Amino acid sequence: MRELLETTLARFEELERQLVDPEVLSDSSRISSVAREHGSLSRVAGKYRDFKELNREITDAREIINGDDSEMAELAEAELPELLAKREALYDELLGLTIGGADANRTRCVMEIRAGTGGDEAALFARDLYEMYKKYGETKKWKFEVLDHSATELGGFKDISLAVEGEGVYRELQYESGGHRVQRVPTTETQGRIHTSAATVAVMPEPEDVEIVIRPEDYRLDKFCASGPGGQHVNKTESAVRLTHHETGIVVQCQDEKSQHKNLAKALRVLKARVYDAKRAAEDQKRADERKTLVGSGDRSQRIRTYNFPDNRLTDHRIGLTIYKLDQIMAGDFQAVIDALVDYDRQQLRGDLDE
């Protein structure tokens, strides 16, 4: 945690220098990206500066207490409890702000929801997850933008990619990466039998343009005609695009827009997020102090949660959480689940800043 905060502060100070650099100021798109990243780091960097200053004051006070000047020692001894209390309060704030690692304070992320095993029922569950997150996001005043989706004839989603923007989006949604299992009686089931289906969710921070650059020569661009459920053509022009990133082999496609230019722009946003996520994961793997036990690890092969409709029960397997109000959760009342996950993560982090 300390290493992360030091890195964050160093990056923040570098961005401060860029904000007064004439070369950066003359480039409107670059200054916009730098200013956005600077703003996203300012809260953490500012509090960590305050934390370091409090540490210095506490060290000075203890030296005075152990010094020869009895009058100054008495004043320092009276001041020390207040300094320690301030540091403890700031410590708790920093814990909350750093949950999620270096990307904790991103205000933009890309979310992908894909139907897994279970056919049409899995696709309907993927749609239900999308609606649950969207309703929860509305309570947070988050902005949702559909980047691409593939619908089924019954109204489900084979897959859907979203851009989500707003305060705290990545810090909260990061916990959703993984496998989600549903147990319920499908509407198409005539015998009343409970079926089990699944969907996977991936949540990736959306990097700023200055953080990752993808040039046209870095990927292969394929164009094709967009199609809808059952193979029906949405249009006859080659407006849909597929991008294949040469270095990583990551493939992204987008066909939601009628304009090829707009589809390309959306596909590039998803590609940048996926490439950034892949590189970040590779770097994390190399770190000896990687926090393997944390719930926000984002392992998409891990089954993280079960939604049992007959029992009105949600179970998060990572932290042993069970809540019997699944109907309310699916309607967007999701805060209790997020709070439990954040609390668990916070407890795991405690001690990293202890002196």
# chains A, B, ... in the order shown; residues from 1 in each chain; ligands from 1
$ residues_around --residues "Thr139 in chain A" --least-positions-apart "6" --cutoff "10 Å" --atoms "only C-alpha atoms" --output "list in words"
Gly332, Asp333, Phe334 and Gln335 of chain A
$ write_last_selection --atoms "N, CA and C atoms" --output "PDB file, in the first residue's frame"
ATOM      1  N   GLY A 332     -31.705  -3.207  -8.125  1.00  0.00           N
ATOM      2  CA  GLY A 332     -30.729  -2.124  -8.019  1.00  0.00           C
ATOM      3  C   GLY A 332     -30.306  -1.773  -6.612  1.00  0.00           C
ATOM      4  N   ASP A 333     -30.910  -2.419  -5.596  1.00  0.00           N
ATOM      5  CA  ASP A 333     -30.544  -2.142  -4.206  1.00  0.00           C
ATOM      6  C   ASP A 333     -29.312  -2.990  -3.858  1.00  0.00           C
ATOM      7  N   PHE A 334     -28.152  -2.547  -4.349  1.00  0.00           N
ATOM      8  CA  PHE A 334     -26.937  -3.355  -4.360  1.00  0.00           C
ATOM      9  C   PHE A 334     -25.891  -2.889  -3.358  1.00  0.00           C
ATOM     10  N   GLN A 335     -26.193  -1.798  -2.647  1.00  0.00           N
ATOM     11  CA  GLN A 335     -25.185  -1.163  -1.801  1.00  0.00           C
ATOM     12  C   GLN A 335     -24.660  -2.074  -0.697  1.00  0.00           C
TER      13      GLN A 335
END
$ residues_around --residues "range 187-199 of chain A" --least-positions-apart "2" --cutoff "9 Å" --atoms "only C-alpha atoms" --output "PDB file with N, CA and C atoms, in the first residue's frame"
ATOM      1  N   ILE A 113     -20.218  -8.136 -20.052  1.00  0.00           N
ATOM      2  CA  ILE A 113     -21.043  -9.207 -19.490  1.00  0.00           C
ATOM      3  C   ILE A 113     -21.298 -10.215 -20.600  1.00  0.00           C
ATOM      4  N   ARG A 114     -20.983 -11.486 -20.341  1.00  0.00           N
ATOM      5  CA  ARG A 114     -21.141 -12.529 -21.361  1.00  0.00           C
ATOM      6  C   ARG A 114     -21.957 -13.693 -20.808  1.00  0.00           C
ATOM      7  N   ALA A 115     -22.882 -14.193 -21.622  1.00  0.00           N
ATOM      8  CA  ALA A 115     -23.634 -15.392 -21.244  1.00  0.00           C
ATOM      9  C   ALA A 115     -22.690 -16.581 -21.244  1.00  0.00           C
ATOM     10  N   GLY A 116     -22.843 -17.449 -20.248  1.00  0.00           N
ATOM     11  CA  GLY A 116     -22.028 -18.655 -20.166  1.00  0.00           C
ATOM     12  C   GLY A 116     -22.857 -19.877 -20.468  1.00  0.00           C
ATOM     13  N   THR A 117     -22.680 -20.925 -19.682  1.00  0.00           N
ATOM     14  CA  THR A 117     -23.460 -22.147 -19.904  1.00  0.00           C
ATOM     15  C   THR A 117     -24.927 -21.898 -19.558  1.00  0.00           C
ATOM     16  N   GLY A 118     -25.814 -22.477 -20.371  1.00  0.00           N
ATOM     17  CA  GLY A 118     -27.236 -22.324 -20.070  1.00  0.00           C
ATOM     18  C   GLY A 118     -28.070 -21.813 -21.219  1.00  0.00           C
ATOM     19  N   GLY A 119     -27.480 -21.607 -22.389  1.00  0.00           N
ATOM     20  CA  GLY A 119     -28.247 -21.219 -23.569  1.00  0.00           C
ATOM     21  C   GLY A 119     -29.020 -19.926 -23.400  1.00  0.00           C
ATOM     22  N   GLU A 121     -31.370 -19.132 -21.361  1.00  0.00           N
ATOM     23  CA  GLU A 121     -31.526 -18.702 -19.967  1.00  0.00           C
ATOM     24  C   GLU A 121     -30.290 -17.941 -19.491  1.00  0.00           C
ATOM     25  N   ALA A 122     -29.103 -18.363 -19.921  1.00  0.00           N
ATOM     26  CA  ALA A 122     -27.866 -17.657 -19.561  1.00  0.00           C
ATOM     27  C   ALA A 122     -27.848 -16.264 -20.172  1.00  0.00           C
ATOM     28  N   ALA A 123     -28.345 -16.155 -21.408  1.00  0.00           N
ATOM     29  CA  ALA A 123     -28.407 -14.847 -22.071  1.00  0.00           C
ATOM     30  C   ALA A 123     -29.398 -13.921 -21.363  1.00  0.00           C
ATOM     31  N   PHE A 125     -30.104 -14.098 -18.186  1.00  0.00           N
ATOM     32  CA  PHE A 125     -29.442 -13.741 -16.922  1.00  0.00           C
ATOM     33  C   PHE A 125     -28.414 -12.632 -17.158  1.00  0.00           C
ATOM     34  N   ALA A 126     -27.679 -12.696 -18.277  1.00  0.00           N
ATOM     35  CA  ALA A 126     -26.723 -11.635 -18.616  1.00  0.00           C
ATOM     36  C   ALA A 126     -27.444 -10.298 -18.739  1.00  0.00           C
ATOM     37  N   LEU A 129     -28.315  -9.067 -15.232  1.00  0.00           N
ATOM     38  CA  LEU A 129     -27.151  -8.472 -14.564  1.00  0.00           C
ATOM     39  C   LEU A 129     -26.918  -7.051 -15.067  1.00  0.00           C
ATOM     40  N   GLY A 178     -15.710 -11.851 -12.598  1.00  0.00           N
ATOM     41  CA  GLY A 178     -15.728 -13.265 -12.235  1.00  0.00           C
ATOM     42  C   GLY A 178     -16.966 -13.961 -12.770  1.00  0.00           C
ATOM     43  N   GLY A 179     -17.195 -15.193 -12.295  1.00  0.00           N
ATOM     44  CA  GLY A 179     -18.327 -15.983 -12.743  1.00  0.00           C
ATOM     45  C   GLY A 179     -19.537 -15.812 -11.834  1.00  0.00           C
ATOM     46  N   HIS A 180     -20.694 -15.581 -12.436  1.00  0.00           N
ATOM     47  CA  HIS A 180     -21.955 -15.398 -11.706  1.00  0.00           C
ATOM     48  C   HIS A 180     -22.893 -16.548 -12.080  1.00  0.00           C
ATOM     49  N   ARG A 181     -23.404 -17.249 -11.085  1.00  0.00           N
ATOM     50  CA  ARG A 181     -24.272 -18.401 -11.334  1.00  0.00           C
ATOM     51  C   ARG A 181     -25.694 -18.087 -10.880  1.00  0.00           C
ATOM     52  N   VAL A 182     -26.680 -18.507 -11.676  1.00  0.00           N
ATOM     53  CA  VAL A 182     -28.081 -18.274 -11.320  1.00  0.00           C
ATOM     54  C   VAL A 182     -28.811 -19.606 -11.223  1.00  0.00           C
ATOM     55  N   GLN A 183     -29.682 -19.719 -10.220  1.00  0.00           N
ATOM     56  CA  GLN A 183     -30.548 -20.887 -10.053  1.00  0.00           C
ATOM     57  C   GLN A 183     -31.985 -20.386  -9.998  1.00  0.00           C
ATOM     58  N   ARG A 184     -32.780 -20.784 -11.016  1.00  0.00           N
ATOM     59  CA  ARG A 184     -34.178 -20.359 -11.059  1.00  0.00           C
ATOM     60  C   ARG A 184     -34.947 -21.196 -12.079  1.00  0.00           C
ATOM     61  N   VAL A 185     -36.268 -21.032 -12.073  1.00  0.00           N
ATOM     62  CA  VAL A 185     -37.126 -21.709 -13.049  1.00  0.00           C
ATOM     63  C   VAL A 185     -37.267 -20.784 -14.252  1.00  0.00           C
ATOM     64  N   VAL A 201     -18.529 -11.730 -15.880  1.00  0.00           N
ATOM     65  CA  VAL A 201     -18.404 -10.274 -15.903  1.00  0.00           C
ATOM     66  C   VAL A 201     -16.923  -9.909 -15.848  1.00  0.00           C
ATOM     67  N   PRO A 310     -35.474 -19.107  -6.185  1.00  0.00           N
ATOM     68  CA  PRO A 310     -36.502 -19.742  -5.343  1.00  0.00           C
ATOM     69  C   PRO A 310     -36.372 -19.370  -3.860  1.00  0.00           C
TER      70      PRO A 310
END
$ closest_residue --among "A:Glu176, A:Leu321, A:Lys223, A:Phe144" --to "Asp343 in chain A" --atoms "only C-alpha atoms"
A:Leu321
$ atom_distance --atom1 "CA of Tyr219 in chain A" --atom2 "CA of Thr244 in chain A"
5.2 Å
$ select_by_dssp --residues "range 101-335 of chain A" --states "strand (DSSP E)" --output "PyMOL selection string"
chain A and resi 108-115+143-151+157-165+178-184+195-205+219-224+240-245+251-254+303-308+313-316+321-323
$ atom_distance --atom1 "CA of Lys158 in chain A" --atom2 "CA of Pro186 in chain A"
16.5 Å
$ closest_residue --among "A:Arg127, A:Lys258, A:Arg43, A:His149" --to "Glu238 in chain A" --atoms "only C-alpha atoms"
A:Lys258
$ closest_residue --among "A:Gln347, A:Phe309, A:Glu172, A:Val20" --to "Lys140 in chain A" --atoms "only C-alpha atoms"
A:Glu172
$ residues_around --residues "Gln328 in chain A" --least-positions-apart "2" --cutoff "12 Å" --atoms "only C-alpha atoms" --output "ChimeraX atom specification"
/A:132,135-136,309,312-314,323-326,330-337
$ write_last_selection --atoms "N, CA and C atoms" --output "compact mmCIF listing (two decimals), in the first residue's frame"
# COMPACT_ATOMS: atom_id res chain seq x y z
N MET A 132 -29.44 -4.84 -13.50
CA MET A 132 -29.15 -4.65 -12.07
C MET A 132 -28.06 -3.57 -11.89
N LYS A 135 -29.44 -0.06 -12.88
CA LYS A 135 -30.32 0.53 -11.86
C LYS A 135 -29.52 1.00 -10.65
N TYR A 136 -28.52 0.20 -10.26
CA TYR A 136 -27.66 0.63 -9.15
C TYR A 136 -26.90 1.89 -9.53
N PHE A 309 -33.01 -17.74 -7.01
CA PHE A 309 -34.32 -17.06 -7.04
C PHE A 309 -35.38 -17.75 -6.19
N ASN A 312 -34.82 -16.59 -2.86
CA ASN A 312 -34.62 -15.13 -2.77
C ASN A 312 -33.27 -14.82 -2.12
N ARG A 313 -32.23 -15.60 -2.49
CA ARG A 313 -30.94 -15.55 -1.79
C ARG A 313 -29.79 -15.22 -2.74
N LEU A 314 -28.94 -14.30 -2.30
CA LEU A 314 -27.67 -14.04 -2.98
C LEU A 314 -26.54 -14.49 -2.05
N ILE A 323 -27.38 -12.97 1.62
CA ILE A 323 -28.42 -11.97 1.83
C ILE A 323 -29.73 -12.51 1.24
N TYR A 324 -30.79 -12.47 2.05
CA TYR A 324 -32.10 -12.97 1.60
C TYR A 324 -32.99 -11.83 1.13
N LYS A 325 -32.55 -11.11 0.13
CA LYS A 325 -33.40 -10.10 -0.51
C LYS A 325 -32.94 -9.92 -1.96
N LEU A 326 -32.87 -11.05 -2.64
CA LEU A 326 -32.39 -11.05 -4.01
C LEU A 326 -33.26 -10.20 -4.92
N MET A 330 -31.67 -7.33 -7.32
CA MET A 330 -31.82 -7.32 -8.78
C MET A 330 -32.52 -6.04 -9.25
N ALA A 331 -33.25 -5.39 -8.33
CA ALA A 331 -33.92 -4.12 -8.67
C ALA A 331 -32.98 -2.93 -8.47
N GLY A 332 -31.71 -3.21 -8.12
CA GLY A 332 -30.73 -2.12 -8.02
C GLY A 332 -30.31 -1.77 -6.61
N ASP A 333 -30.91 -2.42 -5.60
CA ASP A 333 -30.54 -2.14 -4.21
C ASP A 333 -29.31 -2.99 -3.86
N PHE A 334 -28.15 -2.55 -4.35
CA PHE A 334 -26.94 -3.36 -4.36
C PHE A 334 -25.89 -2.89 -3.36
N GLN A 335 -26.19 -1.80 -2.65
CA GLN A 335 -25.19 -1.16 -1.80
C GLN A 335 -24.66 -2.07 -0.70
N ALA A 336 -25.54 -2.89 -0.10
CA ALA A 336 -25.11 -3.75 1.00
C ALA A 336 -24.06 -4.76 0.53
N VAL A 337 -24.18 -5.23 -0.70
CA VAL A 337 -23.21 -6.19 -1.24
C VAL A 337 -21.86 -5.50 -1.44
$ closest_residue --among "A:Arg108, A:Lys279, A:Arg220, A:Arg305" --to "His246 in chain A" --atoms "only C-alpha atoms"
A:Arg220
$ select_by_dssp --residues "range 166-249 of chain A" --states "alpha helix (DSSP H)" --output "count of residues only"
5
$ residues_around --residues "range 265-268 of chain A" --least-positions-apart "6" --cutoff "7 Å" --atoms "only C-alpha atoms" --output "PyMOL selection string"
chain A and resi 147+252-254
$ atom_distance --atom1 "CA of Gly46 in chain A" --atom2 "CA of Leu5 in chain A"
10.5 Å
$ residues_around --residues "Phe224 in chain A" --least-positions-apart "4" --cutoff "8 Å" --atoms "only C-alpha atoms" --output "list of chain:residue names"
A:Thr237, A:Glu238, A:Ser239, A:Ala240, A:Val241
$ residues_around --residues "Ala85 in chain A" --least-positions-apart "6" --cutoff "12 Å" --atoms "only C-alpha atoms" --output "list in words"
Phe51, Leu54, Asn55, Ile58, Glu79, Tyr91 and Asp92 of chain A
$ write_last_selection --atoms "N, CA and C atoms" --output "PDB file, in the first residue's frame"
ATOM      1  N   PHE A  51      -0.800  12.898   5.199  1.00  0.00           N
ATOM      2  CA  PHE A  51      -0.404  11.778   6.051  1.00  0.00           C
ATOM      3  C   PHE A  51       1.103  11.814   6.318  1.00  0.00           C
ATOM      4  N   LEU A  54       1.906  14.618   8.717  1.00  0.00           N
ATOM      5  CA  LEU A  54       1.547  14.248  10.088  1.00  0.00           C
ATOM      6  C   LEU A  54       2.600  13.313  10.688  1.00  0.00           C
ATOM      7  N   ASN A  55       3.096  12.391   9.881  1.00  0.00           N
ATOM      8  CA  ASN A  55       4.164  11.497  10.357  1.00  0.00           C
ATOM      9  C   ASN A  55       5.399  12.280  10.779  1.00  0.00           C
ATOM     10  N   ILE A  58       4.681  14.022  14.070  1.00  0.00           N
ATOM     11  CA  ILE A  58       4.687  13.062  15.184  1.00  0.00           C
ATOM     12  C   ILE A  58       6.120  12.694  15.563  1.00  0.00           C
ATOM     13  N   GLU A  79       0.340  17.822  22.718  1.00  0.00           N
ATOM     14  CA  GLU A  79      -0.092  17.882  21.318  1.00  0.00           C
ATOM     15  C   GLU A  79      -0.127  16.496  20.656  1.00  0.00           C
ATOM     16  N   TYR A  91      -5.563   7.753   8.044  1.00  0.00           N
ATOM     17  CA  TYR A  91      -5.216   6.361   7.713  1.00  0.00           C
ATOM     18  C   TYR A  91      -6.451   5.630   7.187  1.00  0.00           C
ATOM     19  N   ASP A  92      -7.576   5.774   7.888  1.00  0.00           N
ATOM     20  CA  ASP A  92      -8.812   5.110   7.473  1.00  0.00           C
ATOM     21  C   ASP A  92      -9.291   5.627   6.123  1.00  0.00           C
TER      22      ASP A  92
END
